[in-house]
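Student: My structure is below; once you've seen it, I'll send some questions.
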Amino acid sequence: MSSTPPCRICAAPVQEFFDFGRQPLSDAFPAPDADFSQEFFFRLAVGVCESCTMVQLMEEVPRDKMFHEEYPYFSSGSAFMREHFTNLAKQLLADELTAEDPFIVELGCNDGVMLKAIADHGVRHLGVEPSASVADVAASKGIRVRTSFFEEATAREIHAEDGPADVIYAANTLCHIPYMGSILAGVNALLKPTGVFVFEDPYLGDIVERTSFDQIYDEHFYFFTARSVQEMARRNGLELVHVERLTVHGGEVRYFLAPAGQRTPSEAVAALVAEETERKLSDLATLKAFGANVVKIREDLTALLTKLRDEGKTVVGYGATAKSATVTNLCGIGPDLVPFICDTTPAKQGRLSPGTHIPVKTPDAFSSEYPDYALLFAWNHAEEIMAKEQEFREAGGKWILYVPTVHVV
Ligand code: SAM
Ligand code: TMP
């Protein structure tokens, strides 16, 4: 175990509780003829702050290595997620964007999956998105996008150009940003006193309960709880005023922050903090027990895949998710155990999985000759995927899942 770095929220020591070892960038899919000696690796380890309880990575990957013009994650790839964000847009339009000429800013708007519904209502908006690959798609849909990282300086520039925001929103983005002091200073600079900062990210409570360890990878720097977000807000002039549990992406929480003293916190905040305390969610012992469960999944999954290969069964990976980089690299799963992964994203097809170099193919490669088993890396989209892959089941195919334990359905 290495030395304890200071917490990125409060500077107290961070206690490491699990080391995933050497891991690649989870969204960097090398071409088959790439120079693999240039592939970037770092030590993926996770710890908990002794003071504010924020769970965070022990090492930070430079942001320009992750978010750039070749970023291959397009949010609109899931029909369920499109519906999720359309519903959220309706909720914000009804509850928060009710002032005269309201203005909403979204951090990490990606391909515009949420802002499209806002733009269609003619509401003033701006997406702030550093990855040109996805920002360009949002712009092509008529969404106003600024291709840059959000941070304090960006927020001040937006305020100068567009005035204050009624809502600042971020989905699956805030947890990606280690430099939180700058982000929250930016939120304070940009938000109206009556405004609200809403963000949703994978919830540590669900990750621990389900041992969904593959939520831990380079891009996911923080793993929030109501308690740690409450602390983070308090230290930055903000207040956690509401929380909502979400089922998407394997379990998330939507947090609502307001300038301190402006809104009365809902009962849901105290209830979730109390539940976390009862569960001892941020205790080192709880998190070390989570680590032991991860080791068990690694052993079980490797044993199952090895057995299936030795029996001559065919296994294909389904969904070249960022999460799958953690699974395949931690478990040593390469093309010998999983010959290819199918994925709907054109930017990933014809490329290789990060670190383990499993070819990524189109969904046609899956359906043209169904394998005996499909290892569902995109388990968070299980309902949607299993519904559309009925024929695979009818042909006798079985799904392998590894969350919360390794099992076959
Ligand atoms: N909001 C979309 C969703 O929920 O599907 C996209 C989430 S994607 C996993 C994370 C996004 O955050 C990426 O598109 C990335 O480029 C963006 N991002 C990373 N750092 C950022 C920053 N400092 N400001 C704004 N966006 C950022
Ligand atoms: P995510 O779990 O980070 O949202 O990534 C999902 C990945 O799975 C993404 O690369 C797209 C892919 N995918 C499919 O291949 N088929 C599908 O039906 C869905 C919903 C996603």
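Chain lettering (A, B, ...) mirrors the order of the structure tokens, residue numbering begins at 1 for each chain separately, and ligand numbering begins at 1 in order of display.
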Can you tell me which residues surround Gln15 (chain A) at a distance of at most 10 Å, considering only C-alpha atoms, apart from same-chain residues fewer than 5 positions away, and format the answer as a PyMOL selection string?
Tutor: chain A and resi 1-7+46-50+53+55-56+58+284
Student: Write out the residues from the selection above, keeping C-alpha atoms, as a PDB file, in the first residue's frame.
Tutor:
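Output below, filename result-v3.pdb:
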ATOM      1  CA  MET A   1       0.000   0.000   0.000  1.00  0.00           C
ATOM      2  CA  SER A   2       1.443   3.382  -0.960  1.00  0.00           C
ATOM      3  CA  SER A   3       1.474   6.720   0.931  1.00  0.00           C
ATOM      4  CA  THR A   4      -1.797   8.508   1.628  1.00  0.00           C
ATOM      5  CA  PRO A   5      -2.490  11.459  -0.693  1.00  0.00           C
ATOM      6  CA  PRO A   6      -4.549  14.394   0.620  1.00  0.00           C
ATOM      7  CA  CYS A   7      -8.302  14.324   0.006  1.00  0.00           C
ATOM      8  CA  VAL A  46      -9.480   3.651  -4.392  1.00  0.00           C
ATOM      9  CA  GLY A  47      -9.602   5.102  -0.880  1.00  0.00           C
ATOM     10  CA  VAL A  48     -11.807   6.928   1.603  1.00  0.00           C
ATOM     11  CA  CYS A  49     -11.109  10.279   3.261  1.00  0.00           C
ATOM     12  CA  GLU A  50     -10.677  10.004   7.031  1.00  0.00           C
ATOM     13  CA  THR A  53     -15.653  10.469   3.952  1.00  0.00           C
ATOM     14  CA  VAL A  55     -14.392   7.967  -1.620  1.00  0.00           C
ATOM     15  CA  GLN A  56     -11.942   8.769  -4.412  1.00  0.00           C
ATOM     16  CA  MET A  58      -5.649   7.505  -5.221  1.00  0.00           C
ATOM     17  CA  LEU A 284     -12.918   1.399   6.262  1.00  0.00           C
TER      18      LEU A 284
END
Student: Can you pull out the residues contacting region 100-107 of chain A? Cut-off 10 Å, using only C-alpha atoms, and skip same-chain residues under 2 positions away; I want them as a ChimeraX atom specification.
Tutor: /A:92-93,96-98,109-110,112,114-115,118,122-130,144-146,148-151,155,158,162-174,190-192,195-199
Student: Just the selected residues (N, CA and C atoms), exported as a tab-separated table (two decimals), in the first residue's frame, please.
Tutor:
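part04.tsv, written as the output of this step:
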chain	number	residue	atom	x	y	z
A	92	LEU	N	-37.28	19.45	-15.03
A	92	LEU	CA	-36.60	20.73	-14.81
A	92	LEU	C	-37.42	21.88	-15.40
A	93	LEU	N	-38.01	21.64	-16.58
A	93	LEU	CA	-38.83	22.69	-17.21
A	93	LEU	C	-40.03	23.05	-16.31
A	96	GLU	N	-38.13	24.06	-12.25
A	96	GLU	CA	-37.03	25.00	-12.01
A	96	GLU	C	-36.87	26.08	-13.08
A	97	LEU	N	-37.28	25.76	-14.31
A	97	LEU	CA	-37.05	26.72	-15.40
A	97	LEU	C	-38.32	27.51	-15.66
A	98	THR	N	-38.83	28.13	-14.59
A	98	THR	CA	-40.14	28.78	-14.66
A	98	THR	C	-40.04	30.31	-14.62
A	109	CYS	N	-22.47	17.72	-21.57
A	109	CYS	CA	-23.75	17.47	-22.27
A	109	CYS	C	-23.62	16.37	-23.30
A	110	ASN	N	-22.37	15.96	-23.59
A	110	ASN	CA	-22.13	14.86	-24.52
A	110	ASN	C	-22.82	15.14	-25.86
A	112	GLY	N	-25.81	15.69	-26.53
A	112	GLY	CA	-27.02	16.50	-26.43
A	112	GLY	C	-28.25	15.71	-26.01
A	114	MET	N	-29.75	15.19	-23.29
A	114	MET	CA	-30.70	15.88	-22.41
A	114	MET	C	-31.08	17.24	-23.00
A	115	LEU	N	-30.09	18.02	-23.45
A	115	LEU	CA	-30.37	19.40	-23.87
A	115	LEU	C	-31.27	19.49	-25.11
A	118	ILE	N	-34.61	20.37	-24.04
A	118	ILE	CA	-34.65	21.75	-23.56
A	118	ILE	C	-34.68	22.70	-24.76
A	122	GLY	N	-37.38	25.74	-26.73
A	122	GLY	CA	-36.97	27.13	-26.97
A	122	GLY	C	-36.39	27.79	-25.73
A	123	VAL	N	-35.93	26.99	-24.76
A	123	VAL	CA	-35.37	27.56	-23.53
A	123	VAL	C	-33.87	27.82	-23.72
A	124	ARG	N	-33.42	28.96	-23.19
A	124	ARG	CA	-32.00	29.33	-23.31
A	124	ARG	C	-31.14	28.29	-22.60
A	125	HIS	N	-30.08	27.85	-23.28
A	125	HIS	CA	-29.28	26.77	-22.71
A	125	HIS	C	-27.85	26.87	-23.22
A	126	LEU	N	-26.96	26.19	-22.56
A	126	LEU	CA	-25.58	26.05	-23.04
A	126	LEU	C	-25.03	24.73	-22.52
A	127	GLY	N	-24.45	23.94	-23.42
A	127	GLY	CA	-23.75	22.73	-23.01
A	127	GLY	C	-22.26	23.04	-22.95
A	128	VAL	N	-21.59	22.56	-21.90
A	128	VAL	CA	-20.14	22.73	-21.81
A	128	VAL	C	-19.54	21.34	-21.90
A	129	GLU	N	-18.83	21.06	-22.98
A	129	GLU	CA	-18.43	19.69	-23.28
A	129	GLU	C	-17.03	19.70	-23.93
A	130	PRO	N	-16.01	19.18	-23.23
A	130	PRO	CA	-14.65	19.24	-23.76
A	130	PRO	C	-14.36	18.28	-24.93
A	144	ARG	N	-26.76	24.60	-28.37
A	144	ARG	CA	-25.65	25.56	-28.18
A	144	ARG	C	-24.61	24.90	-27.29
A	145	VAL	N	-23.40	24.73	-27.82
A	145	VAL	CA	-22.35	24.02	-27.07
A	145	VAL	C	-21.06	24.82	-27.08
A	146	ARG	N	-20.40	24.79	-25.95
A	146	ARG	CA	-19.07	25.37	-25.84
A	146	ARG	C	-18.12	24.20	-25.65
A	148	SER	N	-15.34	23.01	-24.30
A	148	SER	CA	-14.26	23.24	-23.33
A	148	SER	C	-14.59	22.54	-22.03
A	149	PHE	N	-13.59	22.46	-21.15
A	149	PHE	CA	-13.81	21.92	-19.81
A	149	PHE	C	-14.51	23.00	-18.99
A	150	PHE	N	-15.47	22.60	-18.17
A	150	PHE	CA	-16.06	23.54	-17.21
A	150	PHE	C	-15.11	23.64	-16.02
A	151	GLU	N	-14.85	24.84	-15.58
A	151	GLU	CA	-14.07	25.11	-14.37
A	151	GLU	C	-14.38	26.56	-14.01
A	155	ALA	N	-16.83	29.29	-16.07
A	155	ALA	CA	-18.10	29.72	-15.47
A	155	ALA	C	-18.19	31.25	-15.47
A	158	ILE	N	-18.95	32.46	-18.98
A	158	ILE	CA	-20.35	32.20	-19.36
A	158	ILE	C	-21.25	33.25	-18.69
A	162	ASP	N	-23.69	35.38	-20.87
A	162	ASP	CA	-25.10	34.95	-20.89
A	162	ASP	C	-25.88	35.33	-19.64
A	163	GLY	N	-25.18	35.82	-18.63
A	163	GLY	CA	-25.88	36.12	-17.37
A	163	GLY	C	-25.98	34.89	-16.50
A	164	PRO	N	-26.61	35.02	-15.32
A	164	PRO	CA	-26.64	33.92	-14.36
A	164	PRO	C	-27.58	32.78	-14.79
A	165	ALA	N	-27.29	31.59	-14.25
A	165	ALA	CA	-28.09	30.41	-14.62
A	165	ALA	C	-29.11	30.10	-13.54
A	166	ASP	N	-30.28	29.64	-13.99
A	166	ASP	CA	-31.31	29.15	-13.05
A	166	ASP	C	-30.99	27.73	-12.62
A	167	VAL	N	-30.45	26.97	-13.57
A	167	VAL	CA	-30.10	25.56	-13.30
A	167	VAL	C	-28.74	25.26	-13.90
A	168	ILE	N	-27.91	24.59	-13.11
A	168	ILE	CA	-26.69	23.97	-13.66
A	168	ILE	C	-26.90	22.48	-13.45
A	169	TYR	N	-26.67	21.71	-14.50
A	169	TYR	CA	-26.98	20.27	-14.45
A	169	TYR	C	-25.78	19.47	-14.95
A	170	ALA	N	-25.57	18.32	-14.35
A	170	ALA	CA	-24.49	17.43	-14.80
A	170	ALA	C	-24.89	15.99	-14.53
A	171	ALA	N	-24.86	15.13	-15.55
A	171	ALA	CA	-25.15	13.71	-15.36
A	171	ALA	C	-23.89	12.91	-15.66
A	172	ASN	N	-23.51	12.05	-14.74
A	172	ASN	CA	-22.36	11.18	-14.96
A	172	ASN	C	-21.14	11.99	-15.41
A	173	THR	N	-20.98	13.13	-14.84
A	173	THR	CA	-19.91	14.04	-15.21
A	173	THR	C	-19.19	14.59	-13.98
A	174	LEU	N	-19.94	14.99	-12.96
A	174	LEU	CA	-19.28	15.60	-11.79
A	174	LEU	C	-18.30	14.60	-11.15
A	190	LEU	N	-21.74	31.29	-11.22
A	190	LEU	CA	-22.68	31.28	-12.34
A	190	LEU	C	-24.15	31.19	-11.92
A	191	LEU	N	-24.39	30.57	-10.77
A	191	LEU	CA	-25.77	30.27	-10.38
A	191	LEU	C	-26.46	31.49	-9.76
A	192	LYS	N	-27.76	31.67	-10.09
A	192	LYS	CA	-28.57	32.69	-9.41
A	192	LYS	C	-28.71	32.29	-7.94
A	195	GLY	N	-31.15	29.77	-7.71
A	195	GLY	CA	-30.93	28.65	-8.64
A	195	GLY	C	-30.58	27.35	-7.94
A	196	VAL	N	-30.40	26.31	-8.77
A	196	VAL	CA	-30.09	24.99	-8.22
A	196	VAL	C	-29.08	24.27	-9.11
A	197	PHE	N	-28.18	23.56	-8.43
A	197	PHE	CA	-27.18	22.74	-9.13
A	197	PHE	C	-27.59	21.29	-8.93
A	198	VAL	N	-27.96	20.64	-10.03
A	198	VAL	CA	-28.45	19.26	-9.97
A	198	VAL	C	-27.43	18.35	-10.65
A	199	PHE	N	-27.05	17.28	-9.96
A	199	PHE	CA	-26.16	16.31	-10.63
A	199	PHE	C	-26.50	14.90	-10.19
Student: So that I can check the surroundings of Phe40 (chain A), please list as a PDB file with N, CA and C atoms, in the first residue's frame every protein, DNA and RNA residue that reaches within 12 Å of it, counting only C-alpha atoms and ignoring chain neighbours fewer than 2 positions away.
Tutor:
ATOM      1  N   ARG A  22      -2.465  -2.278 -12.367  1.00  0.00           N
ATOM      2  CA  ARG A  22      -2.175  -1.481 -13.548  1.00  0.00           C
ATOM      3  C   ARG A  22      -3.388  -1.518 -14.477  1.00  0.00           C
ATOM      4  N   GLN A  23      -3.905  -0.348 -14.804  1.00  0.00           N
ATOM      5  CA  GLN A  23      -5.109  -0.285 -15.640  1.00  0.00           C
ATOM      6  C   GLN A  23      -4.914   0.744 -16.753  1.00  0.00           C
ATOM      7  N   PRO A  24      -5.545   0.508 -17.913  1.00  0.00           N
ATOM      8  CA  PRO A  24      -5.437   1.461 -19.036  1.00  0.00           C
ATOM      9  C   PRO A  24      -6.509   2.543 -18.947  1.00  0.00           C
ATOM     10  N   LEU A  25      -6.501   3.456 -19.891  1.00  0.00           N
ATOM     11  CA  LEU A  25      -7.606   4.412 -20.036  1.00  0.00           C
ATOM     12  C   LEU A  25      -8.818   3.607 -20.502  1.00  0.00           C
ATOM     13  N   SER A  26      -9.929   3.749 -19.818  1.00  0.00           N
ATOM     14  CA  SER A  26     -11.069   2.861 -20.071  1.00  0.00           C
ATOM     15  C   SER A  26     -11.785   3.146 -21.393  1.00  0.00           C
ATOM     16  N   ASP A  27     -11.576   4.321 -21.966  1.00  0.00           N
ATOM     17  CA  ASP A  27     -12.249   4.660 -23.220  1.00  0.00           C
ATOM     18  C   ASP A  27     -11.256   4.879 -24.354  1.00  0.00           C
ATOM     19  N   ALA A  28     -10.035   4.307 -24.217  1.00  0.00           N
ATOM     20  CA  ALA A  28      -9.034   4.420 -25.287  1.00  0.00           C
ATOM     21  C   ALA A  28      -8.939   3.055 -25.966  1.00  0.00           C
ATOM     22  N   PHE A  29      -9.573   2.930 -27.121  1.00  0.00           N
ATOM     23  CA  PHE A  29      -9.626   1.662 -27.852  1.00  0.00           C
ATOM     24  C   PHE A  29      -8.577   1.687 -28.963  1.00  0.00           C
ATOM     25  N   PRO A  30      -7.418   1.026 -28.777  1.00  0.00           N
ATOM     26  CA  PRO A  30      -6.377   1.118 -29.804  1.00  0.00           C
ATOM     27  C   PRO A  30      -6.765   0.411 -31.106  1.00  0.00           C
ATOM     28  N   ASP A  35       0.838   1.069 -31.911  1.00  0.00           N
ATOM     29  CA  ASP A  35       2.072   0.755 -31.183  1.00  0.00           C
ATOM     30  C   ASP A  35       1.688   0.589 -29.710  1.00  0.00           C
ATOM     31  N   PHE A  36       1.524  -0.666 -29.283  1.00  0.00           N
ATOM     32  CA  PHE A  36       1.003  -0.916 -27.928  1.00  0.00           C
ATOM     33  C   PHE A  36       1.961  -0.447 -26.831  1.00  0.00           C
ATOM     34  N   SER A  37       3.224  -0.234 -27.189  1.00  0.00           N
ATOM     35  CA  SER A  37       4.168   0.243 -26.168  1.00  0.00           C
ATOM     36  C   SER A  37       3.796   1.663 -25.721  1.00  0.00           C
ATOM     37  N   GLN A  38       2.953   2.336 -26.547  1.00  0.00           N
ATOM     38  CA  GLN A  38       2.544   3.709 -26.208  1.00  0.00           C
ATOM     39  C   GLN A  38       1.253   3.744 -25.381  1.00  0.00           C
ATOM     40  N   PHE A  42      -2.002   3.278 -15.614  1.00  0.00           N
ATOM     41  CA  PHE A  42      -1.801   3.936 -14.316  1.00  0.00           C
ATOM     42  C   PHE A  42      -2.258   2.969 -13.225  1.00  0.00           C
ATOM     43  N   ARG A  43      -1.949   3.314 -11.978  1.00  0.00           N
ATOM     44  CA  ARG A  43      -2.366   2.452 -10.867  1.00  0.00           C
ATOM     45  C   ARG A  43      -3.768   2.872 -10.420  1.00  0.00           C
ATOM     46  N   VAL A  61      -5.747  10.717 -13.411  1.00  0.00           N
ATOM     47  CA  VAL A  61      -5.271  10.671 -14.797  1.00  0.00           C
ATOM     48  C   VAL A  61      -5.478  12.064 -15.406  1.00  0.00           C
ATOM     49  N   PRO A  62      -4.476  12.622 -16.107  1.00  0.00           N
ATOM     50  CA  PRO A  62      -4.658  13.958 -16.707  1.00  0.00           C
ATOM     51  C   PRO A  62      -5.902  13.991 -17.607  1.00  0.00           C
ATOM     52  N   LYS A  65      -6.012  13.345 -21.435  1.00  0.00           N
ATOM     53  CA  LYS A  65      -5.824  11.970 -21.930  1.00  0.00           C
ATOM     54  C   LYS A  65      -7.164  11.256 -22.074  1.00  0.00           C
ATOM     55  N   MET A  66      -8.180  11.733 -21.332  1.00  0.00           N
ATOM     56  CA  MET A  66      -9.469  11.030 -21.330  1.00  0.00           C
ATOM     57  C   MET A  66     -10.521  11.700 -22.218  1.00  0.00           C
ATOM     58  N   ASP A 218     -10.660   4.908 -14.535  1.00  0.00           N
ATOM     59  CA  ASP A 218      -9.984   6.215 -14.607  1.00  0.00           C
ATOM     60  C   ASP A 218     -10.918   7.425 -14.555  1.00  0.00           C
ATOM     61  N   PRO A 354      -9.284  -1.744 -24.357  1.00  0.00           N
ATOM     62  CA  PRO A 354      -8.104  -1.160 -23.701  1.00  0.00           C
ATOM     63  C   PRO A 354      -7.350  -2.185 -22.841  1.00  0.00           C
ATOM     64  N   GLY A 355      -6.050  -2.258 -23.052  1.00  0.00           N
ATOM     65  CA  GLY A 355      -5.199  -3.109 -22.214  1.00  0.00           C
ATOM     66  C   GLY A 355      -5.219  -4.584 -22.550  1.00  0.00           C
TER      67      GLY A 355
END
Student: Within 7 Å of Arg210 (chain A), counting only C-alpha atoms, which residues qualify if same-chain residues fewer than 2 places away don't, as a list in words?
Tutor: Asp206, Ile207, Val208, Ser212, Val403 and Pro404 of chain A
Student: Please, which residues have at least one atom within 6 Å of an atom of ligand 2, using only C-alpha atoms and all ligand atoms, listed as a list in words?
Tutor: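 Answer in the requested format: Gly77, Ser78, Gly319, Ala320, Thr321, Ala322, Asp343, Thr344, Thr345, Ala378, Asn380, His381 and Ile385 of chain A.
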Student: Of the residues A:Cys52, A:Ala138, A:Val294, A:Val360, which is the one nearest to ligand 1, using only C-alpha atoms and all ligand atoms?
Tutor: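 Ranked by minimum distance to ligand 1, first place goes to A:Ala138.
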Student: May I ask which of the residues A:Ala325, A:Leu330, A:Ala387, A:Val315 is the closest one to Leu352 (chain A), counting only C-alpha atoms?
Tutor: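 Closest candidate: A:Ala325.
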Student: Figure out the distance between CA of Gln230 (chain A) and CA of Leu257 (chain A), please, to one decimal in Å.
Tutor: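 Here the two named atoms are 8.8 Å from each other.
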Student: For ligand 1, which residue among A:Ala12, A:Met54, A:Ala34, A:Thr86 is the nearest when counting only C-alpha atoms and all ligand atoms?
Tutor: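 Under the stated criterion, the closest residue is A:Thr86.
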Student: My list of candidates is A:Val248, A:Leu240, A:Ala285, A:Leu57. Which is closest to ligand 1 when distances are computed with only C-alpha atoms and all ligand atoms?
Tutor: A:Val248
Student: Which neighbours of Ala31 (chain A) fall inside 10 Å, counting only C-alpha atoms, when residues of the same chain fewer than 4 positions from it are skipped, and could you give them as a ChimeraX atom specification?
Tutor: /A:35-36,348-353,357,359
Student: Could you write out the selected residues, including all heavy atoms, as a compact mmCIF listing (two decimals), in the first residue's frame?
Tutor:
# COMPACT_ATOMS: atom_id res chain seq x y z
N ASP A 35 0.84 1.07 -31.91
CA ASP A 35 2.07 0.76 -31.18
C ASP A 35 1.69 0.59 -29.71
O ASP A 35 1.53 1.58 -28.98
CB ASP A 35 3.06 1.92 -31.37
CG ASP A 35 4.32 1.74 -30.55
OD1 ASP A 35 4.44 0.70 -29.85
OD2 ASP A 35 5.18 2.65 -30.59
N PHE A 36 1.52 -0.67 -29.28
CA PHE A 36 1.00 -0.92 -27.93
C PHE A 36 1.96 -0.45 -26.83
O PHE A 36 1.56 -0.29 -25.69
CB PHE A 36 0.67 -2.40 -27.74
CG PHE A 36 -0.41 -2.89 -28.68
CD1 PHE A 36 -0.26 -4.09 -29.36
CD2 PHE A 36 -1.56 -2.14 -28.89
CE1 PHE A 36 -1.25 -4.53 -30.23
CE2 PHE A 36 -2.55 -2.58 -29.75
CZ PHE A 36 -2.39 -3.78 -30.43
N LYS A 348 -15.98 2.49 -31.68
CA LYS A 348 -15.28 1.40 -30.98
C LYS A 348 -15.08 0.18 -31.89
O LYS A 348 -14.17 -0.62 -31.66
CB LYS A 348 -16.08 0.98 -29.73
CG LYS A 348 -16.19 2.08 -28.68
CD LYS A 348 -17.00 1.64 -27.44
CE LYS A 348 -17.14 2.79 -26.44
NZ LYS A 348 -17.96 2.44 -25.25
N GLN A 349 -15.95 0.05 -32.91
CA GLN A 349 -15.88 -1.14 -33.78
C GLN A 349 -14.60 -1.15 -34.61
O GLN A 349 -14.13 -0.10 -35.05
CB GLN A 349 -17.10 -1.15 -34.71
CG GLN A 349 -18.40 -1.36 -33.95
CD GLN A 349 -19.64 -0.92 -34.71
OE1 GLN A 349 -19.55 -0.38 -35.81
NE2 GLN A 349 -20.80 -1.12 -34.11
N GLY A 350 -14.02 -2.33 -34.79
CA GLY A 350 -12.77 -2.46 -35.54
C GLY A 350 -11.56 -2.14 -34.69
O GLY A 350 -10.43 -2.22 -35.16
N ARG A 351 -11.79 -1.77 -33.47
CA ARG A 351 -10.69 -1.44 -32.55
C ARG A 351 -10.54 -2.56 -31.53
O ARG A 351 -11.23 -3.57 -31.59
CB ARG A 351 -10.99 -0.12 -31.87
CG ARG A 351 -11.14 1.00 -32.90
CD ARG A 351 -10.54 2.22 -32.40
NE ARG A 351 -10.32 3.18 -33.45
CZ ARG A 351 -9.33 4.06 -33.41
NH1 ARG A 351 -8.48 4.06 -32.40
NH2 ARG A 351 -9.16 4.93 -34.36
N LEU A 352 -9.64 -2.35 -30.56
CA LEU A 352 -9.37 -3.37 -29.54
C LEU A 352 -9.71 -2.82 -28.16
O LEU A 352 -9.58 -1.61 -27.92
CB LEU A 352 -7.89 -3.77 -29.57
CG LEU A 352 -7.35 -4.25 -30.91
CD1 LEU A 352 -5.85 -4.53 -30.80
CD2 LEU A 352 -8.09 -5.50 -31.38
N SER A 353 -10.09 -3.71 -27.25
CA SER A 353 -10.42 -3.27 -25.90
C SER A 353 -9.14 -2.77 -25.21
O SER A 353 -8.04 -3.29 -25.45
CB SER A 353 -11.02 -4.42 -25.10
OG SER A 353 -10.06 -5.43 -24.88
N HIS A 357 -6.89 -5.98 -25.35
CA HIS A 357 -6.83 -6.13 -26.80
C HIS A 357 -7.77 -7.20 -27.36
O HIS A 357 -7.39 -7.97 -28.24
CB HIS A 357 -5.37 -6.38 -27.24
CG HIS A 357 -4.46 -5.27 -26.78
ND1 HIS A 357 -3.09 -5.40 -26.71
CD2 HIS A 357 -4.73 -4.03 -26.32
CE1 HIS A 357 -2.57 -4.27 -26.24
NE2 HIS A 357 -3.55 -3.44 -25.99
N PRO A 359 -10.80 -7.85 -29.75
CA PRO A 359 -11.41 -7.10 -30.86
C PRO A 359 -12.86 -6.70 -30.55
O PRO A 359 -13.60 -7.48 -29.94
CB PRO A 359 -11.37 -8.10 -32.02
CG PRO A 359 -10.27 -9.05 -31.66
CD PRO A 359 -10.29 -9.16 -30.17
